[in-house]
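What follows is a single structure, written as structure tokens, with notes after it.
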Amino acid sequence: MSHESASDSAFIAPLQHSPLHAEHVALGAAFTDFGGWQMPVRYSSDLAEHHAVRTAAGIFDISHMAEISVTGADAGAFLDYALAGRLSSLPLLKAKYSLLLDEHGGIVDDLIVYASAEAEYLVVANASNRHAVVEALVARQTDFEVQLSDLTEHLALIAVQGPVSRTVLEATEGLELRDDLSRGRTLDSLGYYAAMGMAFHSTSVLVARTGYTGEDGFELYVDAEQAVALWRALLAAGEPLGLVPCGLAARDTLRLEAGMPLYGHELGRSIQPSQAGLGRVVVTDKPRFVGKAAIDAGLAPDARVLVGLTTEGRRAPRADYPVMHGDTEVGLITSGALSPTLGYPVAMAFVDPAVREPGTALEVDVRGTRVAATVVSLPFYDRKAAS
Amino acid sequence: MSVPNDLQYTAEHEWVRLDGDIATVGITQYAADALGDVVYVDLPKAGAAMTVGSIVGEVESTKSVGELYAPLDGEVVEANDAVAASPETINADPYGEGWLVKVRVSGTPTLMSADEYRALIGG
């Protein structure tokens, strides 16, 4: 039996540990190397963890994500220049999905940006791209009055995802609304991609209604020193409600079902936003931003585009498997799995525009065997349609 | 990590139970744990010839794919259809109900003892 894993790191470097590492060891987690960090891949069963998020709730340690604060009078204008979106118009305590592009319009990273305070933004980047994002932001700040600070080691990030996640947070001992932090918001009224401060004992926690699973849920940014106490309090409150700790394996199948891209698979420097269905993220009428000339020039007409595929049988297409139309290779798989929720294989692929329309019949070469595939619109799983 | 003493092993993380000239073959708990939840199994059919080291099947989890290598020379006499229908059995009971194939052995196979296999996996 030989074993290949999609997420093994390609180079040897000292792995970083989350402030919650000892908790994971105590919970019996198996670990994987991810973006330079040793993180839980599963605690018990990938499938059980996946289903818990769809039916009740899961708690994830995603402290490997990088947090970079951008402060100063020009912070909004700077981000308008450095990133693809218009962050200067982001209301206080709202979040926005954005992209950091290179001069060629290629994607250096995908990000969540929070307007965390007046003239203060929190940029959340992928672990594997942390240094590239910091370098790019530093290089782009010359004309602006801003301060950049990499807070990654000072913050832990805990995600609680699933239909009962709000109830879990409401039941968490020590996690409380405080007027000066929450400013009239409540967990119930907090909108999708909105955030608020909450008190956890003596510290403040940034609580955002965001996630990477396709379910309702929250992400909590907390000082590293308070991470263990918050993790334990959330677990204790959630366990009677069906919450289980979840690893990166479940996170990957959850995001795939929800049609969400993963950097290094659906996103990369050789990919422009509109190829990945993210044209809406780029605000092209900004006077200037890095990558504007390339984006304005538009894509070559034959540039491949991201689509969803479903396949027959139970053998999932995996990254880099060829997508075939007759004898012609028309694309490559970027991610795929036997969908735990749907029960059939789902995949994403970059394909020639001629075969992009939903309903198009294609094939995937699964290790030498042709498997029938159909182009479908994303996402594969939509909780609003499912409920 | 369970490595039963009454079985023999390969470096490819298969186990073999020899009973006369019939070998029962499965994957070890170490392999099953590394894969995660097994969701698909492709096994050789009865009558298929096996040559040691050749790829004879696949064990696939949500995260990754493992190839099943023939641990010895012989002819498949039975594939475990129950495990093909319920692949999660491999995680639940890798050395019991999760067996994969039974093979009529030809020649004398070269396999590892439980101690040697434990040393291999660092257990």
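Note on naming: chains are A, B, ... as they come in the structure tokens, residues start from 1 per chain, ligands start from 1 in the order shown.
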- Task: Using DSSP on the backbone coordinates, identify the residues of stretch 74-251 of chain A assigned to strand (DSSP E or B); present them as an MDAnalysis selection string.
- Result: chainID A and resid 94:101 107:117 120:125 147:150 155:161 175:176 194:200 203:208 217:223 243:245
Preceding selection exported with C-alpha atoms as a PDB file, in the first residue's frame:
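Dumped everything to again.pdb:
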ATOM      1  CA  LYS A  94     -17.612  44.394   8.077  1.00  0.00           C
ATOM      2  CA  ALA A  95     -15.519  41.821   6.257  1.00  0.00           C
ATOM      3  CA  LYS A  96     -14.791  41.483   2.564  1.00  0.00           C
ATOM      4  CA  TYR A  97     -13.288  38.678   0.505  1.00  0.00           C
ATOM      5  CA  SER A  98     -10.449  40.065  -1.590  1.00  0.00           C
ATOM      6  CA  LEU A  99      -7.417  39.158  -3.691  1.00  0.00           C
ATOM      7  CA  LEU A 100      -3.843  40.300  -3.805  1.00  0.00           C
ATOM      8  CA  LEU A 101      -2.719  40.362  -7.442  1.00  0.00           C
ATOM      9  CA  ILE A 107      -3.401  35.776  -7.805  1.00  0.00           C
ATOM     10  CA  VAL A 108      -0.739  36.008  -5.081  1.00  0.00           C
ATOM     11  CA  ASP A 109      -3.290  35.161  -2.399  1.00  0.00           C
ATOM     12  CA  ASP A 110      -6.945  35.287  -1.509  1.00  0.00           C
ATOM     13  CA  LEU A 111      -7.755  37.181   1.666  1.00  0.00           C
ATOM     14  CA  ILE A 112     -10.422  38.243   4.084  1.00  0.00           C
ATOM     15  CA  VAL A 113     -10.157  41.890   5.068  1.00  0.00           C
ATOM     16  CA  TYR A 114     -11.915  43.222   8.163  1.00  0.00           C
ATOM     17  CA  ALA A 115     -12.490  46.888   8.886  1.00  0.00           C
ATOM     18  CA  SER A 116     -11.614  46.195  12.516  1.00  0.00           C
ATOM     19  CA  ALA A 117     -11.536  49.778  13.848  1.00  0.00           C
ATOM     20  CA  GLU A 120      -7.553  49.968  10.956  1.00  0.00           C
ATOM     21  CA  TYR A 121      -7.895  46.838   8.880  1.00  0.00           C
ATOM     22  CA  LEU A 122      -7.062  43.224   9.563  1.00  0.00           C
ATOM     23  CA  VAL A 123      -5.879  41.303   6.503  1.00  0.00           C
ATOM     24  CA  VAL A 124      -6.159  37.519   6.866  1.00  0.00           C
ATOM     25  CA  ALA A 125      -3.975  35.507   4.478  1.00  0.00           C
ATOM     26  CA  GLN A 147       1.865  50.916   9.423  1.00  0.00           C
ATOM     27  CA  LEU A 148       1.927  47.180   8.795  1.00  0.00           C
ATOM     28  CA  SER A 149       2.208  44.636  11.548  1.00  0.00           C
ATOM     29  CA  ASP A 150       2.270  40.840  11.248  1.00  0.00           C
ATOM     30  CA  LEU A 155      -3.364  35.637  17.552  1.00  0.00           C
ATOM     31  CA  ALA A 156      -5.156  32.335  17.534  1.00  0.00           C
ATOM     32  CA  LEU A 157      -8.066  31.766  15.158  1.00  0.00           C
ATOM     33  CA  ILE A 158     -10.838  29.357  16.067  1.00  0.00           C
ATOM     34  CA  ALA A 159     -13.724  28.588  13.725  1.00  0.00           C
ATOM     35  CA  VAL A 160     -17.069  27.265  14.956  1.00  0.00           C
ATOM     36  CA  GLN A 161     -19.128  26.137  11.978  1.00  0.00           C
ATOM     37  CA  LEU A 175     -17.878  34.791  26.232  1.00  0.00           C
ATOM     38  CA  GLU A 176     -20.126  37.808  26.622  1.00  0.00           C
ATOM     39  CA  ALA A 194     -19.990  41.107   9.643  1.00  0.00           C
ATOM     40  CA  ALA A 195     -17.961  41.166  12.852  1.00  0.00           C
ATOM     41  CA  MET A 196     -18.114  42.468  16.375  1.00  0.00           C
ATOM     42  CA  GLY A 197     -16.053  42.508  19.522  1.00  0.00           C
ATOM     43  CA  MET A 198     -17.025  40.303  22.455  1.00  0.00           C
ATOM     44  CA  ALA A 199     -15.505  39.957  25.896  1.00  0.00           C
ATOM     45  CA  PHE A 200     -13.913  36.690  26.943  1.00  0.00           C
ATOM     46  CA  THR A 203      -9.777  40.065  26.955  1.00  0.00           C
ATOM     47  CA  SER A 204     -11.607  41.064  23.805  1.00  0.00           C
ATOM     48  CA  VAL A 205     -12.289  38.668  20.953  1.00  0.00           C
ATOM     49  CA  LEU A 206     -13.125  39.613  17.373  1.00  0.00           C
ATOM     50  CA  VAL A 207     -16.092  37.453  16.382  1.00  0.00           C
ATOM     51  CA  ALA A 208     -16.895  37.298  12.668  1.00  0.00           C
ATOM     52  CA  GLY A 217     -20.679  29.840  11.499  1.00  0.00           C
ATOM     53  CA  PHE A 218     -18.235  32.115  13.236  1.00  0.00           C
ATOM     54  CA  GLU A 219     -14.516  32.756  13.312  1.00  0.00           C
ATOM     55  CA  LEU A 220     -12.999  34.030  16.560  1.00  0.00           C
ATOM     56  CA  TYR A 221      -9.729  35.964  16.699  1.00  0.00           C
ATOM     57  CA  VAL A 222      -8.274  35.796  20.182  1.00  0.00           C
ATOM     58  CA  ASP A 223      -4.962  36.611  21.868  1.00  0.00           C
ATOM     59  CA  LEU A 243     -20.041  19.949  18.347  1.00  0.00           C
ATOM     60  CA  VAL A 244     -16.862  17.981  17.619  1.00  0.00           C
ATOM     61  CA  PRO A 245     -13.282  19.080  16.945  1.00  0.00           C
TER      62      PRO A 245
END
Practice item. Mind checking which residues fall within 7 Å of stretch 77-90 of chain B, counting only C-alpha atoms, ignoring those fewer than 3 positions away in the same chain, and posting them as a list in words? Key: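 Non-adjacent residues within range: Ala32, Asp37, Val38, Val39, Tyr40, Val41, Leu43, Pro44, Lys45, Ala46, Gly47, Asp93, Pro94, Glu97, Gly98, Trp99, Leu100, Val101, Lys102, Val103 and Arg104 of chain B.
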TODO: Report the residues of chain B whose backbone DSSP state falls under alpha helix (DSSP H), written as a VMD selection string.
DONE: chain B and resid 29 to 35 81 to 85 89 to 92 114 to 120
Keeping N, CA and C atoms for every residue in the selection just given, could you write it to a file as a PDB file, in the first residue's frame?
ATOM      1  N   GLN B  29      -3.507  -1.376  10.299  1.00  0.00           N
ATOM      2  CA  GLN B  29      -4.178  -0.254  10.962  1.00  0.00           C
ATOM      3  C   GLN B  29      -3.413   1.043  10.726  1.00  0.00           C
ATOM      4  N   TYR B  30      -2.085   0.945  10.686  1.00  0.00           N
ATOM      5  CA  TYR B  30      -1.262   2.126  10.398  1.00  0.00           C
ATOM      6  C   TYR B  30      -1.659   2.735   9.052  1.00  0.00           C
ATOM      7  N   ALA B  31      -1.803   1.888   8.041  1.00  0.00           N
ATOM      8  CA  ALA B  31      -2.173   2.376   6.707  1.00  0.00           C
ATOM      9  C   ALA B  31      -3.587   2.952   6.714  1.00  0.00           C
ATOM     10  N   ALA B  32      -4.500   2.250   7.385  1.00  0.00           N
ATOM     11  CA  ALA B  32      -5.891   2.717   7.429  1.00  0.00           C
ATOM     12  C   ALA B  32      -5.990   4.069   8.138  1.00  0.00           C
ATOM     13  N   ASP B  33      -5.241   4.213   9.225  1.00  0.00           N
ATOM     14  CA  ASP B  33      -5.260   5.487   9.951  1.00  0.00           C
ATOM     15  C   ASP B  33      -4.667   6.610   9.107  1.00  0.00           C
ATOM     16  N   ALA B  34      -3.589   6.293   8.367  1.00  0.00           N
ATOM     17  CA  ALA B  34      -2.956   7.324   7.540  1.00  0.00           C
ATOM     18  C   ALA B  34      -3.886   7.782   6.414  1.00  0.00           C
ATOM     19  N   LEU B  35      -4.655   6.861   5.881  1.00  0.00           N
ATOM     20  CA  LEU B  35      -5.570   7.215   4.794  1.00  0.00           C
ATOM     21  C   LEU B  35      -6.743   8.053   5.286  1.00  0.00           C
ATOM     22  N   ASP B  81     -16.215  -8.939  -1.046  1.00  0.00           N
ATOM     23  CA  ASP B  81     -17.260  -8.082  -1.609  1.00  0.00           C
ATOM     24  C   ASP B  81     -17.917  -7.204  -0.545  1.00  0.00           C
ATOM     25  N   ALA B  82     -17.958  -7.720   0.683  1.00  0.00           N
ATOM     26  CA  ALA B  82     -18.597  -6.953   1.763  1.00  0.00           C
ATOM     27  C   ALA B  82     -17.838  -5.661   2.022  1.00  0.00           C
ATOM     28  N   VAL B  83     -16.516  -5.743   1.931  1.00  0.00           N
ATOM     29  CA  VAL B  83     -15.723  -4.551   2.201  1.00  0.00           C
ATOM     30  C   VAL B  83     -15.830  -3.565   1.021  1.00  0.00           C
ATOM     31  N   ALA B  84     -16.004  -4.099  -0.178  1.00  0.00           N
ATOM     32  CA  ALA B  84     -16.202  -3.213  -1.322  1.00  0.00           C
ATOM     33  C   ALA B  84     -17.508  -2.442  -1.172  1.00  0.00           C
ATOM     34  N   ALA B  85     -18.526  -3.094  -0.592  1.00  0.00           N
ATOM     35  CA  ALA B  85     -19.817  -2.433  -0.384  1.00  0.00           C
ATOM     36  C   ALA B  85     -19.778  -1.496   0.823  1.00  0.00           C
ATOM     37  N   THR B  89     -15.452  -0.543   6.815  1.00  0.00           N
ATOM     38  CA  THR B  89     -15.032  -1.715   7.583  1.00  0.00           C
ATOM     39  C   THR B  89     -13.511  -1.778   7.706  1.00  0.00           C
ATOM     40  N   ILE B  90     -12.804  -1.261   6.708  1.00  0.00           N
ATOM     41  CA  ILE B  90     -11.337  -1.290   6.742  1.00  0.00           C
ATOM     42  C   ILE B  90     -10.812  -0.460   7.907  1.00  0.00           C
ATOM     43  N   ASN B  91     -11.437   0.688   8.179  1.00  0.00           N
ATOM     44  CA  ASN B  91     -11.038   1.499   9.325  1.00  0.00           C
ATOM     45  C   ASN B  91     -11.451   0.857  10.641  1.00  0.00           C
ATOM     46  N   ALA B  92     -12.644   0.259  10.634  1.00  0.00           N
ATOM     47  CA  ALA B  92     -13.207  -0.256  11.884  1.00  0.00           C
ATOM     48  C   ALA B  92     -12.512  -1.545  12.321  1.00  0.00           C
ATOM     49  N   ALA B 114       5.983  -9.327  12.746  1.00  0.00           N
ATOM     50  CA  ALA B 114       5.336  -8.207  13.434  1.00  0.00           C
ATOM     51  C   ALA B 114       6.378  -7.262  14.032  1.00  0.00           C
ATOM     52  N   ASP B 115       7.447  -7.801  14.602  1.00  0.00           N
ATOM     53  CA  ASP B 115       8.498  -6.966  15.191  1.00  0.00           C
ATOM     54  C   ASP B 115       9.170  -6.102  14.127  1.00  0.00           C
ATOM     55  N   GLU B 116       9.458  -6.739  12.991  1.00  0.00           N
ATOM     56  CA  GLU B 116      10.106  -5.978  11.912  1.00  0.00           C
ATOM     57  C   GLU B 116       9.186  -4.860  11.422  1.00  0.00           C
ATOM     58  N   TYR B 117       7.893  -5.175  11.317  1.00  0.00           N
ATOM     59  CA  TYR B 117       6.952  -4.153  10.853  1.00  0.00           C
ATOM     60  C   TYR B 117       6.812  -3.027  11.867  1.00  0.00           C
ATOM     61  N   ARG B 118       6.783  -3.392  13.133  1.00  0.00           N
ATOM     62  CA  ARG B 118       6.714  -2.354  14.189  1.00  0.00           C
ATOM     63  C   ARG B 118       7.909  -1.420  14.085  1.00  0.00           C
ATOM     64  N   ALA B 119       9.076  -1.988  13.837  1.00  0.00           N
ATOM     65  CA  ALA B 119      10.279  -1.163  13.712  1.00  0.00           C
ATOM     66  C   ALA B 119      10.140  -0.217  12.511  1.00  0.00           C
ATOM     67  N   LEU B 120       9.542  -0.730  11.443  1.00  0.00           N
ATOM     68  CA  LEU B 120       9.376   0.077  10.227  1.00  0.00           C
ATOM     69  C   LEU B 120       8.509   1.307  10.479  1.00  0.00           C
TER      70      LEU B 120
END
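Checking B:Met50, B:Ile55, B:Ile22, B:Val3 one by one against chain A, counting only C-alpha atoms, you find the shortest gap at B:Ile55.
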request  = Specify as a list in words all residues of chain B found within 7 Å of chain A, counting only C-alpha atoms.
outcome  = Glu12, His13, Glu14, Gly36, Asp37, Tyr40, Thr62, Lys63, Ser64, Val65, Gly66, Glu67, Leu68 and Tyr69 of chain B
Write the residues you've just listed into a file as a PDB file, in the first residue's frame, and include C-alpha atoms for each of them.
ATOM      1  CA  GLU B  12       3.774  -1.403   1.738  1.00  0.00           C
ATOM      2  CA  HIS B  13       1.661  -1.724   4.905  1.00  0.00           C
ATOM      3  CA  GLU B  14      -0.208  -4.890   4.020  1.00  0.00           C
ATOM      4  CA  GLY B  36      -8.488   8.351   6.929  1.00  0.00           C
ATOM      5  CA  ASP B  37     -12.002   7.183   6.203  1.00  0.00           C
ATOM      6  CA  TYR B  40     -13.813   3.260  -2.105  1.00  0.00           C
ATOM      7  CA  THR B  62     -11.796  11.245   1.061  1.00  0.00           C
ATOM      8  CA  LYS B  63      -8.295  12.718   1.157  1.00  0.00           C
ATOM      9  CA  SER B  64      -6.053  10.403  -0.796  1.00  0.00           C
ATOM     10  CA  VAL B  65      -5.539   7.227  -2.787  1.00  0.00           C
ATOM     11  CA  GLY B  66      -3.478   4.220  -1.742  1.00  0.00           C
ATOM     12  CA  GLU B  67      -2.405   1.525  -4.160  1.00  0.00           C
ATOM     13  CA  LEU B  68      -2.631  -2.094  -3.114  1.00  0.00           C
ATOM     14  CA  TYR B  69       0.514  -4.047  -3.965  1.00  0.00           C
TER      15      TYR B  69
END
*asked:* Just the number, please: distance in Å from atom CA of A:Gln275 to atom CA of A:Val305, one decimal.
replied: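 Rounded to one decimal, the two atoms are 4.5 Å apart.
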Between atom CA of A:Arg54 and atom CA of A:Ala29 - distance in Å to one decimal
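Computing the Euclidean distance for atom CA of A:Ala29 and atom CA of A:Arg54 yields 20.7 Å.
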Report task. Within 7 Å of stretch 230-235 of chain A, counting only C-alpha atoms, which residues show up once you throw out same-chain ones fewer than 3 positions away? Write them as JSON, numbers by chain, please. Result -> {"A": [168, 169, 172, 173, 226, 227, 238, 239]}
Atoms to include: C-alpha atoms. Write the selected residues as a short mmCIF file (atom, residue, chain, number, x, y, z; two decimals), in the first residue's frame.
data_model
loop_
_atom_site.label_atom_id
_atom_site.label_comp_id
_atom_site.auth_asym_id
_atom_site.auth_seq_id
_atom_site.Cartn_x
_atom_site.Cartn_y
_atom_site.Cartn_z
CA VAL A 168 -22.71 27.12 20.96
CA LEU A 169 -21.30 30.64 21.21
CA THR A 172 -19.97 29.52 26.03
CA GLU A 173 -18.95 30.38 29.55
CA GLN A 226 -6.30 33.15 25.85
CA ALA A 227 -6.64 30.58 23.08
CA GLY A 238 -20.71 22.71 22.28
CA GLU A 239 -20.30 19.07 23.12
#
Pairwise distance, atom CA of A:Gly106 with atom CA of A:Thr210, equals 25.0 Å
- [ ] For B:Ala48, list every protein, DNA or RNA residue within 9 Å, evaluated using only C-alpha atoms, and leave out those in the same chain fewer than 5 positions away; present the list as a ChimeraX atom specification.
- [x] /B:74-77
Please provide the set of residues having any atom within 10 Å of stretch 368-381 of chain A, restricted to only C-alpha atoms, with same-chain residues fewer than 2 positions apart removed, written as a PyMOL selection string.
chain A and resi 213-215+254-260+277+306-317+321-325+339+341-342+345-349+351+355-366+383-386
Output file for the residues above (C-alpha atoms, as a CSV table (one decimal), in the first residue's frame):
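Generated output (again_5.csv):
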chain,number,residue,atom,x,y,z
A,213,THR,CA,-17.5,25.3,5.1
A,214,GLY,CA,-20.7,26.5,3.4
A,215,GLU,CA,-22.5,26.5,6.8
A,254,LEU,CA,-16.6,21.0,3.3
A,255,ARG,CA,-15.1,23.8,1.3
A,256,LEU,CA,-15.1,21.7,-1.8
A,257,GLU,CA,-18.8,20.9,-1.5
A,258,ALA,CA,-19.4,24.6,-1.0
A,259,GLY,CA,-17.5,25.4,-4.2
A,260,MET,CA,-14.9,27.5,-2.4
A,277,GLY,CA,-15.0,33.0,-11.3
A,306,LEU,CA,-13.0,27.0,-13.5
A,307,VAL,CA,-16.0,24.7,-13.5
A,308,GLY,CA,-17.6,22.2,-11.3
A,309,LEU,CA,-17.8,18.6,-12.3
A,310,THR,CA,-19.7,15.6,-11.0
A,311,THR,CA,-18.7,12.1,-12.0
A,312,GLU,CA,-20.2,8.7,-12.1
A,313,GLY,CA,-19.3,5.8,-9.8
A,314,ARG,CA,-17.4,6.4,-6.6
A,315,ARG,CA,-13.8,7.0,-7.7
A,316,ALA,CA,-13.1,10.7,-7.2
A,317,PRO,CA,-11.1,12.8,-9.7
A,321,TYR,CA,-6.1,14.4,-13.5
A,322,PRO,CA,-6.8,15.2,-17.2
A,323,VAL,CA,-10.3,16.2,-18.3
A,324,MET,CA,-11.1,14.8,-21.7
A,325,HIS,CA,-13.6,15.6,-24.5
A,339,SER,CA,-18.7,14.2,-1.5
A,341,THR,CA,-22.9,15.0,1.9
A,342,LEU,CA,-24.0,14.2,-1.6
A,345,PRO,CA,-17.8,12.4,-6.6
A,346,VAL,CA,-17.5,16.2,-7.1
A,347,ALA,CA,-14.5,18.1,-8.5
A,348,MET,CA,-13.4,21.5,-9.7
A,349,ALA,CA,-11.4,21.8,-12.9
A,351,VAL,CA,-11.3,23.7,-18.7
A,355,VAL,CA,-16.8,23.0,-22.7
A,356,ARG,CA,-17.6,25.2,-19.8
A,357,GLU,CA,-21.4,25.2,-20.1
A,358,PRO,CA,-23.3,23.3,-17.4
A,359,GLY,CA,-24.6,20.0,-18.8
A,360,THR,CA,-21.6,19.4,-21.0
A,361,ALA,CA,-20.7,15.8,-21.0
A,362,LEU,CA,-16.9,15.2,-20.5
A,363,GLU,CA,-14.7,12.4,-19.1
A,364,VAL,CA,-12.0,12.4,-16.5
A,365,ASP,CA,-8.9,10.1,-16.8
A,366,VAL,CA,-8.9,8.6,-13.3
A,383,ARG,CA,-27.4,24.9,2.6
A,384,LYS,CA,-30.3,27.2,1.7
A,385,ALA,CA,-31.3,24.9,-1.1
A,386,ALA,CA,-30.7,21.8,1.0
Using only C-alpha atoms, the shortest atom-to-atom distance to B:Gly57 among B:Asp6, B:Asp73, B:Asp19, B:Asp42 belongs to B:Asp42
Quiz item: Nearest to A:Ser274: which of A:His154, A:Arg304, A:Lys286, A:Arg251 is it, counting only C-alpha atoms?
Solution: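 Once distances to A:Ser274 are computed over only C-alpha atoms, the minimum belongs to A:Arg304.
Distances to A:Tyr81 were evaluated for A:Thr167, A:Asn126, A:Thr32, A:Gln141 using only C-alpha atoms, and the minimum falls at A:Gln141.
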